[in-house]
>>> print(open('data22.cif').read())   # mmCIF, C-alpha atoms
data_protein
#
loop_
_atom_site.label_atom_id
_atom_site.label_comp_id
_atom_site.auth_asym_id
_atom_site.auth_seq_id
_atom_site.Cartn_x
_atom_site.Cartn_y
_atom_site.Cartn_z
CA ALA A 1 -16.44 -11.18 35.03
CA ASN A 2 -14.31 -13.62 33.09
CA SER A 3 -11.04 -14.14 34.97
CA GLY A 4 -9.63 -16.64 32.49
CA PRO A 5 -7.02 -15.87 29.86
CA ALA A 6 -8.15 -13.74 26.92
CA THR A 7 -8.84 -15.64 23.74
CA ALA A 8 -7.85 -14.52 20.27
CA ILE A 9 -10.54 -14.68 17.60
CA ARG A 10 -9.58 -15.62 14.06
CA MET A 11 -11.42 -15.63 10.76
CA ARG A 12 -11.54 -19.20 9.50
CA THR A 13 -10.55 -19.22 5.85
CA ASN A 14 -11.82 -22.74 4.98
CA ASN A 15 -10.13 -23.03 1.58
CA HIS A 16 -11.70 -19.68 0.59
CA HIS A 17 -10.54 -18.35 -2.77
CA SER A 18 -10.29 -14.56 -3.09
CA SER A 19 -9.53 -12.43 -6.11
CA PHE A 20 -9.65 -8.82 -7.15
CA SER A 21 -8.59 -6.65 -10.04
CA ASP A 22 -5.78 -4.35 -8.98
CA ILE A 23 -5.92 -1.05 -10.88
CA LEU A 24 -2.21 -1.29 -11.68
CA GLN A 25 -1.10 -4.90 -11.17
CA GLY A 26 -4.12 -6.54 -12.83
CA HIS A 27 -5.88 -9.72 -11.70
CA GLN A 28 -4.78 -10.98 -8.27
CA SER A 29 -5.95 -14.18 -6.62
CA ALA A 30 -5.15 -16.21 -3.54
CA ASN A 31 -6.39 -19.22 -1.66
CA LEU A 32 -6.73 -17.65 1.78
CA GLU A 33 -6.25 -20.92 3.66
CA SER A 34 -3.08 -22.09 1.91
CA ASP A 35 -1.59 -18.70 1.01
CA ILE A 36 -2.42 -16.69 4.16
CA GLY A 37 -4.20 -18.91 6.68
CA ASP A 38 -6.78 -18.09 9.32
CA PHE A 39 -6.17 -14.52 10.42
CA LEU A 40 -6.81 -12.49 13.54
CA LEU A 41 -9.97 -10.50 14.14
CA ARG A 42 -9.29 -9.82 17.81
CA ARG A 43 -6.01 -10.33 19.58
CA GLY A 44 -5.64 -12.22 22.83
CA ASP A 45 -5.31 -8.94 24.71
CA GLY A 46 -8.75 -7.89 23.43
CA LEU A 47 -7.64 -5.37 20.81
CA PHE A 48 -9.20 -5.66 17.38
CA SER A 49 -6.92 -6.53 14.50
CA TYR A 50 -5.57 -4.04 12.04
CA HIS A 51 -7.36 -5.77 9.15
CA LEU A 52 -10.76 -5.66 10.83
CA ALA A 53 -10.26 -2.03 11.85
CA VAL A 54 -9.25 -1.04 8.31
CA ALA A 55 -12.21 -2.86 6.71
CA VAL A 56 -14.66 -1.13 9.06
CA ASP A 57 -12.93 2.27 8.81
CA ASP A 58 -12.86 2.14 5.00
CA HIS A 59 -16.58 1.34 4.96
CA GLU A 60 -17.51 3.99 7.55
CA GLN A 61 -15.45 6.65 5.75
CA HIS A 62 -16.81 5.69 2.30
CA ILE A 63 -13.30 4.93 1.01
CA THR A 64 -13.56 3.79 -2.61
CA GLU A 65 -9.87 3.55 -3.61
CA VAL A 66 -6.77 2.49 -1.70
CA VAL A 67 -3.25 3.13 -3.01
CA ARG A 68 -0.38 1.43 -1.22
CA GLY A 69 2.81 -0.54 -1.78
CA THR A 70 3.01 -3.96 -3.37
CA ASP A 71 4.42 -5.29 -0.10
CA LEU A 72 0.88 -5.00 1.33
CA MET A 73 -0.85 -7.05 -1.38
CA ASP A 74 -1.64 -9.91 1.06
CA CYS A 75 -3.38 -7.44 3.37
CA SER A 76 -5.80 -6.62 0.56
CA PHE A 77 -7.02 -10.22 0.37
CA GLN A 78 -7.72 -10.26 4.10
CA GLN A 79 -9.46 -6.87 4.07
CA ILE A 80 -11.56 -7.78 1.04
CA ALA A 81 -12.61 -11.06 2.69
CA LEU A 82 -13.61 -9.18 5.84
CA SER A 83 -15.47 -6.50 3.87
CA ARG A 84 -17.45 -9.12 1.98
CA ALA A 85 -18.20 -11.09 5.16
CA LEU A 86 -19.54 -7.88 6.69
CA LYS A 87 -21.59 -7.20 3.52
CA PHE A 88 -19.50 -4.09 2.73
CA VAL A 89 -18.41 -3.16 -0.78
CA PRO A 90 -14.60 -3.35 -0.69
CA PRO A 91 -12.64 -0.45 -2.15
CA ASP A 92 -10.65 -0.71 -5.37
CA TYR A 93 -6.92 -1.20 -4.86
CA MET A 94 -3.79 0.03 -6.63
CA HIS A 95 -0.51 -1.42 -5.43
CA ILE A 96 2.50 0.64 -6.47
CA PRO A 97 6.18 -0.38 -6.43
CA ILE A 98 8.15 -0.11 -3.23
CA ALA A 99 11.69 1.17 -3.00
CA LEU A 100 14.30 -1.51 -2.38
CA ASN A 101 17.97 -1.45 -1.52
CA PRO A 102 20.45 -3.36 -3.72
CA GLN A 103 19.89 -6.48 -1.55
CA GLY A 104 16.17 -6.45 -2.42
CA GLN A 105 15.03 -5.28 1.02
CA LYS A 106 12.37 -2.59 1.50
CA LEU A 107 13.93 0.74 2.40
CA SER A 108 13.15 1.22 6.08
CA LYS A 109 14.81 2.02 9.39
CA GLN A 110 14.55 -1.68 10.21
CA ASN A 111 16.80 -2.44 7.21
CA HIS A 112 19.14 0.47 8.06
CA ALA A 113 18.12 2.64 5.10
CA PRO A 114 19.65 6.09 5.21
CA PRO A 115 17.22 8.79 6.32
CA LEU A 116 15.80 11.25 3.84
CA ASN A 117 17.43 14.65 3.74
CA LEU A 118 14.71 16.85 5.20
CA GLU A 119 16.57 20.08 4.49
CA ARG A 120 15.53 19.90 0.84
CA PRO A 121 12.25 17.93 0.62
CA GLU A 122 11.87 19.03 -3.00
CA ASP A 123 14.74 16.73 -3.93
CA ASN A 124 12.95 13.78 -2.28
CA ILE A 125 9.75 14.47 -4.21
CA TYR A 126 11.59 14.89 -7.52
CA LYS A 127 13.51 11.62 -7.01
CA SER A 128 10.26 9.87 -6.06
CA LEU A 129 8.63 11.05 -9.30
CA ILE A 130 11.56 9.58 -11.22
CA PHE A 131 11.36 6.29 -9.26
CA LEU A 132 7.63 6.15 -9.99
CA LYS A 133 8.41 6.56 -13.73
CA GLN A 134 6.50 9.83 -14.01
CA LYS A 135 9.19 11.47 -16.16
CA PRO A 136 9.39 14.91 -14.55
CA PRO A 137 11.17 17.51 -16.70
CA LYS A 138 14.67 18.53 -15.59
CA GLU A 139 13.57 22.12 -14.89
CA LEU A 140 11.26 20.74 -12.19
CA GLN A 141 14.40 20.02 -10.12
CA ARG A 142 14.40 23.70 -9.16
CA ALA A 143 10.68 23.82 -8.34
CA ASN A 144 9.24 24.40 -4.90
CA LEU A 145 7.06 21.83 -3.11
CA HIS A 146 3.79 23.38 -4.29
CA GLN A 147 4.93 23.31 -7.94
CA LEU A 148 6.12 19.69 -7.62
CA TRP A 149 2.82 18.52 -6.13
CA GLU A 150 0.81 20.40 -8.75
CA TRP A 151 2.91 18.92 -11.56
CA GLY A 152 2.58 15.46 -10.01
CA LYS A 153 -1.22 15.70 -9.72
CA GLU A 154 -1.60 17.05 -13.25
CA HIS A 155 0.76 14.57 -14.91
CA TRP A 156 0.20 11.41 -12.84
CA GLN A 157 0.46 8.39 -15.16
CA PRO A 158 -0.10 5.21 -13.12
CA GLN A 159 0.17 3.08 -16.27
CA ASN A 160 3.90 3.92 -16.30
CA LEU A 161 4.20 1.67 -13.25
CA ALA A 162 2.45 -1.35 -14.79
CA GLY A 163 4.35 -4.56 -14.26
CA GLN A 164 6.89 -2.97 -11.92
CA LEU A 165 6.34 -4.69 -8.56
CA SER A 166 9.31 -3.05 -6.87
CA GLY A 167 12.69 -1.64 -7.66
CA PRO A 168 15.90 -0.17 -6.33
CA LEU A 169 15.78 3.47 -5.34
CA ILE A 170 19.31 3.75 -4.06
CA LYS A 171 22.43 2.17 -5.37
CA GLY A 172 24.98 0.88 -2.89
#
>>> encode(input="data22.cif", output="C-alpha coordinates")
Amino acid sequence: ANSGPATAIRMRTNNHHSSFSDILQGHQSANLESDIGDFLLRRGDGLFSYHLAVAVDDHEQHITEVVRGTDLMDCSFQQIALSRALKFVPPDYMHIPIALNPQGQKLSKQNHAPPLNLERPEDNIYKSLIFLKQKPPKELQRANLHQLWEWGKEHWQPQNLAGQLSGPLIKG
(Lines of atoms letter the chains of each structure in order from A and count residues from 1; the text may use other names and numbers.)
(Lines give C-alpha, C1' and ligand atoms only; values in the text may rest on other atoms or scores of the structure.)
Protein backbone atom coordinates (compact mmCIF):
# COMPACT_ATOMS: atom_id res chain seq x y z
CA ALA A 1 0.00 0.00 0.00
CA ASN A 2 1.21 3.47 -0.89
CA SER A 3 1.44 5.52 2.31
CA GLY A 4 2.73 8.65 0.59
CA PRO A 5 0.65 11.71 -0.23
CA ALA A 6 -1.89 11.32 -3.03
CA THR A 7 -0.84 12.81 -6.34
CA ALA A 8 -3.10 14.77 -8.65
CA ILE A 9 -3.06 13.78 -12.31
CA ARG A 10 -3.40 16.46 -14.96
CA MET A 11 -3.88 16.39 -18.71
CA ARG A 12 -0.89 18.08 -20.30
CA THR A 13 -2.13 20.52 -22.91
CA ASN A 14 1.21 21.08 -24.74
CA ASN A 15 0.11 24.07 -26.82
CA HIS A 16 -2.91 22.04 -28.04
CA HIS A 17 -5.37 24.02 -30.15
CA SER A 18 -9.03 23.06 -29.81
CA SER A 19 -12.04 24.28 -31.74
CA PHE A 20 -15.66 23.38 -32.23
CA SER A 21 -18.74 24.79 -33.88
CA ASP A 22 -21.26 25.84 -31.26
CA ILE A 23 -24.82 25.43 -32.53
CA LEU A 24 -25.71 28.93 -31.36
CA GLN A 25 -22.48 30.87 -30.83
CA GLY A 26 -20.70 29.68 -33.97
CA HIS A 27 -17.01 28.82 -34.31
CA GLN A 28 -15.14 28.66 -30.98
CA SER A 29 -11.42 28.07 -30.58
CA ALA A 30 -8.86 28.08 -27.80
CA ASN A 31 -5.24 27.27 -27.21
CA LEU A 32 -5.65 24.93 -24.25
CA GLU A 33 -2.20 25.64 -22.82
CA SER A 34 -2.36 29.44 -22.85
CA ASP A 35 -6.13 29.89 -22.43
CA ILE A 36 -6.90 27.12 -19.92
CA GLY A 37 -3.71 25.30 -18.95
CA ASP A 38 -3.12 21.72 -17.90
CA PHE A 39 -6.27 20.50 -16.20
CA LEU A 40 -7.12 17.89 -13.61
CA LEU A 41 -8.05 14.32 -14.45
CA ARG A 42 -7.82 13.03 -10.89
CA ARG A 43 -7.63 15.14 -7.78
CA GLY A 44 -5.05 14.68 -5.06
CA ASP A 45 -7.65 12.98 -2.88
CA GLY A 46 -8.16 10.33 -5.58
CA LEU A 47 -11.50 11.53 -6.93
CA PHE A 48 -11.82 11.85 -10.68
CA SER A 49 -12.36 15.31 -12.09
CA TYR A 50 -15.69 16.65 -13.19
CA HIS A 51 -14.47 17.05 -16.78
CA LEU A 52 -13.29 13.45 -17.06
CA ALA A 53 -16.49 12.15 -15.47
CA VAL A 54 -18.64 14.20 -17.86
CA ALA A 55 -16.70 13.09 -20.95
CA VAL A 56 -17.05 9.43 -19.97
CA ASP A 57 -20.70 9.79 -18.88
CA ASP A 58 -21.67 11.57 -22.11
CA HIS A 59 -20.04 8.78 -24.12
CA GLU A 60 -21.55 5.96 -22.05
CA GLN A 61 -25.02 7.54 -22.21
CA HIS A 62 -24.78 8.26 -25.96
CA ILE A 63 -25.27 12.00 -25.38
CA THR A 64 -25.17 13.77 -28.74
CA GLU A 65 -26.11 17.35 -27.75
CA VAL A 66 -25.34 19.44 -24.69
CA VAL A 67 -27.14 22.71 -23.94
CA ARG A 68 -25.75 24.89 -21.17
CA GLY A 69 -24.83 28.46 -20.29
CA THR A 70 -22.16 30.52 -21.97
CA ASP A 71 -20.34 30.70 -18.63
CA LEU A 72 -19.36 27.04 -19.18
CA MET A 73 -17.80 27.51 -22.62
CA ASP A 74 -14.27 26.78 -21.30
CA CYS A 75 -15.50 23.47 -19.90
CA SER A 76 -16.46 22.41 -23.42
CA PHE A 77 -12.88 22.73 -24.66
CA GLN A 78 -11.63 20.53 -21.84
CA GLN A 79 -14.37 17.92 -22.31
CA ILE A 80 -13.87 17.83 -26.08
CA ALA A 81 -10.11 17.38 -25.62
CA LEU A 82 -10.73 14.51 -23.21
CA SER A 83 -13.32 12.90 -25.49
CA ARG A 84 -10.95 13.00 -28.43
CA ALA A 85 -8.04 11.67 -26.35
CA LEU A 86 -10.28 8.77 -25.31
CA LYS A 87 -11.31 8.24 -28.97
CA PHE A 88 -14.92 9.23 -28.19
CA VAL A 89 -17.03 11.36 -30.52
CA PRO A 90 -17.74 14.54 -28.54
CA PRO A 91 -21.31 15.80 -28.42
CA ASP A 92 -22.46 18.96 -30.19
CA TYR A 93 -22.75 21.99 -27.93
CA MET A 94 -25.15 24.93 -27.69
CA HIS A 95 -24.25 27.63 -25.19
CA ILE A 96 -27.18 29.87 -24.29
CA PRO A 97 -27.10 33.24 -22.52
CA ILE A 98 -26.93 33.37 -18.76
CA ALA A 99 -28.90 35.76 -16.61
CA LEU A 100 -26.87 38.58 -15.10
CA ASN A 101 -27.56 41.21 -12.50
CA PRO A 102 -27.00 44.90 -13.35
CA GLN A 103 -23.36 44.57 -12.18
CA GLY A 104 -22.73 41.86 -14.81
CA GLN A 105 -22.58 38.98 -12.30
CA LYS A 106 -24.31 35.65 -12.90
CA LEU A 107 -27.53 35.38 -10.93
CA SER A 108 -26.75 32.95 -8.12
CA LYS A 109 -26.97 32.59 -4.35
CA GLN A 110 -23.24 33.29 -4.26
CA ASN A 111 -23.91 36.74 -5.77
CA HIS A 112 -26.93 37.30 -3.49
CA ALA A 113 -29.54 37.00 -6.25
CA PRO A 114 -33.09 37.02 -4.94
CA PRO A 115 -34.70 33.58 -4.89
CA LEU A 116 -37.34 32.65 -7.42
CA ASN A 117 -40.91 32.86 -6.24
CA LEU A 118 -41.90 29.20 -6.10
CA GLU A 119 -45.54 29.94 -5.36
CA ARG A 120 -46.16 30.75 -9.02
CA PRO A 121 -43.60 28.81 -11.11
CA GLU A 122 -45.54 29.71 -14.26
CA ASP A 123 -44.35 33.30 -13.88
CA ASN A 124 -40.73 32.11 -13.76
CA ILE A 125 -41.13 30.07 -16.94
CA TYR A 126 -42.89 32.91 -18.77
CA LYS A 127 -40.17 35.41 -17.78
CA SER A 128 -37.51 32.91 -18.84
CA LEU A 129 -39.11 32.57 -22.28
CA ILE A 130 -38.99 36.35 -22.62
CA PHE A 131 -35.34 36.47 -21.47
CA LEU A 132 -34.51 33.75 -24.00
CA LYS A 133 -36.14 35.90 -26.73
CA GLN A 134 -38.79 33.31 -27.53
CA LYS A 135 -41.57 35.92 -27.79
CA PRO A 136 -44.36 34.18 -25.88
CA PRO A 137 -47.80 35.70 -26.48
CA LYS A 138 -49.29 37.75 -23.63
CA GLU A 139 -52.16 35.29 -23.14
CA LEU A 140 -49.57 32.66 -22.19
CA GLN A 141 -49.06 34.60 -18.92
CA ARG A 142 -52.22 32.90 -17.64
CA ALA A 143 -51.20 29.42 -18.81
CA ASN A 144 -50.44 26.51 -16.53
CA LEU A 145 -47.02 24.80 -16.43
CA HIS A 146 -48.01 22.08 -18.90
CA GLN A 147 -49.24 24.65 -21.44
CA LEU A 148 -46.08 26.76 -21.03
CA TRP A 149 -43.78 23.77 -21.57
CA GLU A 150 -45.78 22.62 -24.59
CA TRP A 151 -45.69 26.10 -26.10
CA GLY A 152 -41.96 26.34 -25.39
CA LYS A 153 -41.19 22.99 -27.04
CA GLU A 154 -43.35 23.76 -30.07
CA HIS A 155 -42.07 27.31 -30.61
CA TRP A 156 -38.42 27.02 -29.52
CA GLN A 157 -36.32 29.31 -31.75
CA PRO A 158 -32.66 29.05 -30.70
CA GLN A 159 -31.63 31.40 -33.52
CA ASN A 160 -33.32 34.21 -31.55
CA LEU A 161 -30.45 33.90 -29.08
CA ALA A 162 -27.66 34.18 -31.66
CA GLY A 163 -24.97 36.62 -30.65
CA GLN A 164 -26.40 37.15 -27.17
CA LEU A 165 -23.73 35.81 -24.80
CA SER A 166 -25.50 36.96 -21.64
CA GLY A 167 -27.84 39.61 -20.43
CA PRO A 168 -29.61 41.18 -17.48
CA LEU A 169 -32.68 39.38 -16.24
CA ILE A 170 -33.43 41.64 -13.32
CA LYS A 171 -33.08 45.35 -13.06
CA GLY A 172 -31.79 46.81 -9.82
>>> residues_around(input="data22.cif", residues="A:Asp123", least_positions_apart="2", cutoff="10 Å", atoms="all atoms listed in the file", output="PyMOL selection string")
chain A and resi 116-121+125-129+140-145+148
>>> resolve_selection(input="data22.cif", expression="the PyMOL selection byres ((chain A and resi 85) around 12)", output="list of chain:residue names")
A:Met11, A:Arg12, A:Thr13, A:His16, A:Ser18, A:Leu52, A:Ala55, A:Val56, A:Gln78, A:Gln79, A:Ile80, A:Ala81, A:Leu82, A:Ser83, A:Arg84, A:Leu86, A:Lys87, A:Phe88, A:Val89, A:Pro90
>>> resolve_selection(input="data22.cif", expression="the PyMOL selection byres ((chain A and resi 94) around 9)", output="PyMOL selection string")
chain A and resi 21-25+65-70+92-93+95-96
>>> closest_residue(input="data22.cif", among="A:Pro158, A:Gly104, A:Gly44, A:Pro91", to="A:Asp57", atoms="all atoms listed in the file")
A:Pro91
>>> residues_near_point(input="data22.cif", point="(-4.4, -12.9, -5.0)", cutoff="10 Å", atoms="all atoms listed in the file", output="ChimeraX atom specification")
/A:17-22,27-32,35,73-74,76-77
>>> atom_distance(input="data22.cif", atom1="atom CA of A:Glu154", atom2="atom CA of A:Asn124")
18.5 Å
>>> atom_distance(input="data22.cif", atom1="atom CA of A:Gln157", atom2="atom CA of A:Thr64")
19.4 Å
>>> closest_residue(input="data22.cif", among="A:Phe131, A:Thr7, A:Asp71, A:Leu107", to="A:Leu41", atoms="all atoms listed in the file")
A:Thr7
>>> atom_distance(input="data22.cif", atom1="atom CA of A:Gly152", atom2="atom CA of A:Pro114")
24.7 Å
>>> closest_residue(input="data22.cif", among="A:Cys75, A:Gly37, A:Lys133, A:Lys138", to="A:His155", atoms="all atoms listed in the file")
A:Lys133
>>> closest_residue(input="data22.cif", among="A:Lys135, A:Ala8, A:Ile130, A:Glu33", to="A:Gly46", atoms="all atoms listed in the file")
A:Ala8
>>> closest_residue(input="data22.cif", among="A:Asp45, A:Glu139, A:Asp38, A:Asp58", to="A:Trp151", atoms="only C-alpha atoms")
A:Glu139
>>> axis_aligned_box(input="data22.cif", around="stretch 32-37 of chain A", padding_each_side="3 Å", output="AutoDock Vina command-line options")
--center_x -4.2 --center_y -19.4 --center_z 3.8 --size_x 11.1 --size_y 11.4 --size_z 11.7
>>> closest_residue(input="data22.cif", among="A:Leu47, A:Ile63, A:Ile9, A:Ala162", to="A:Gln134", atoms="all atoms listed in the file")
A:Ala162
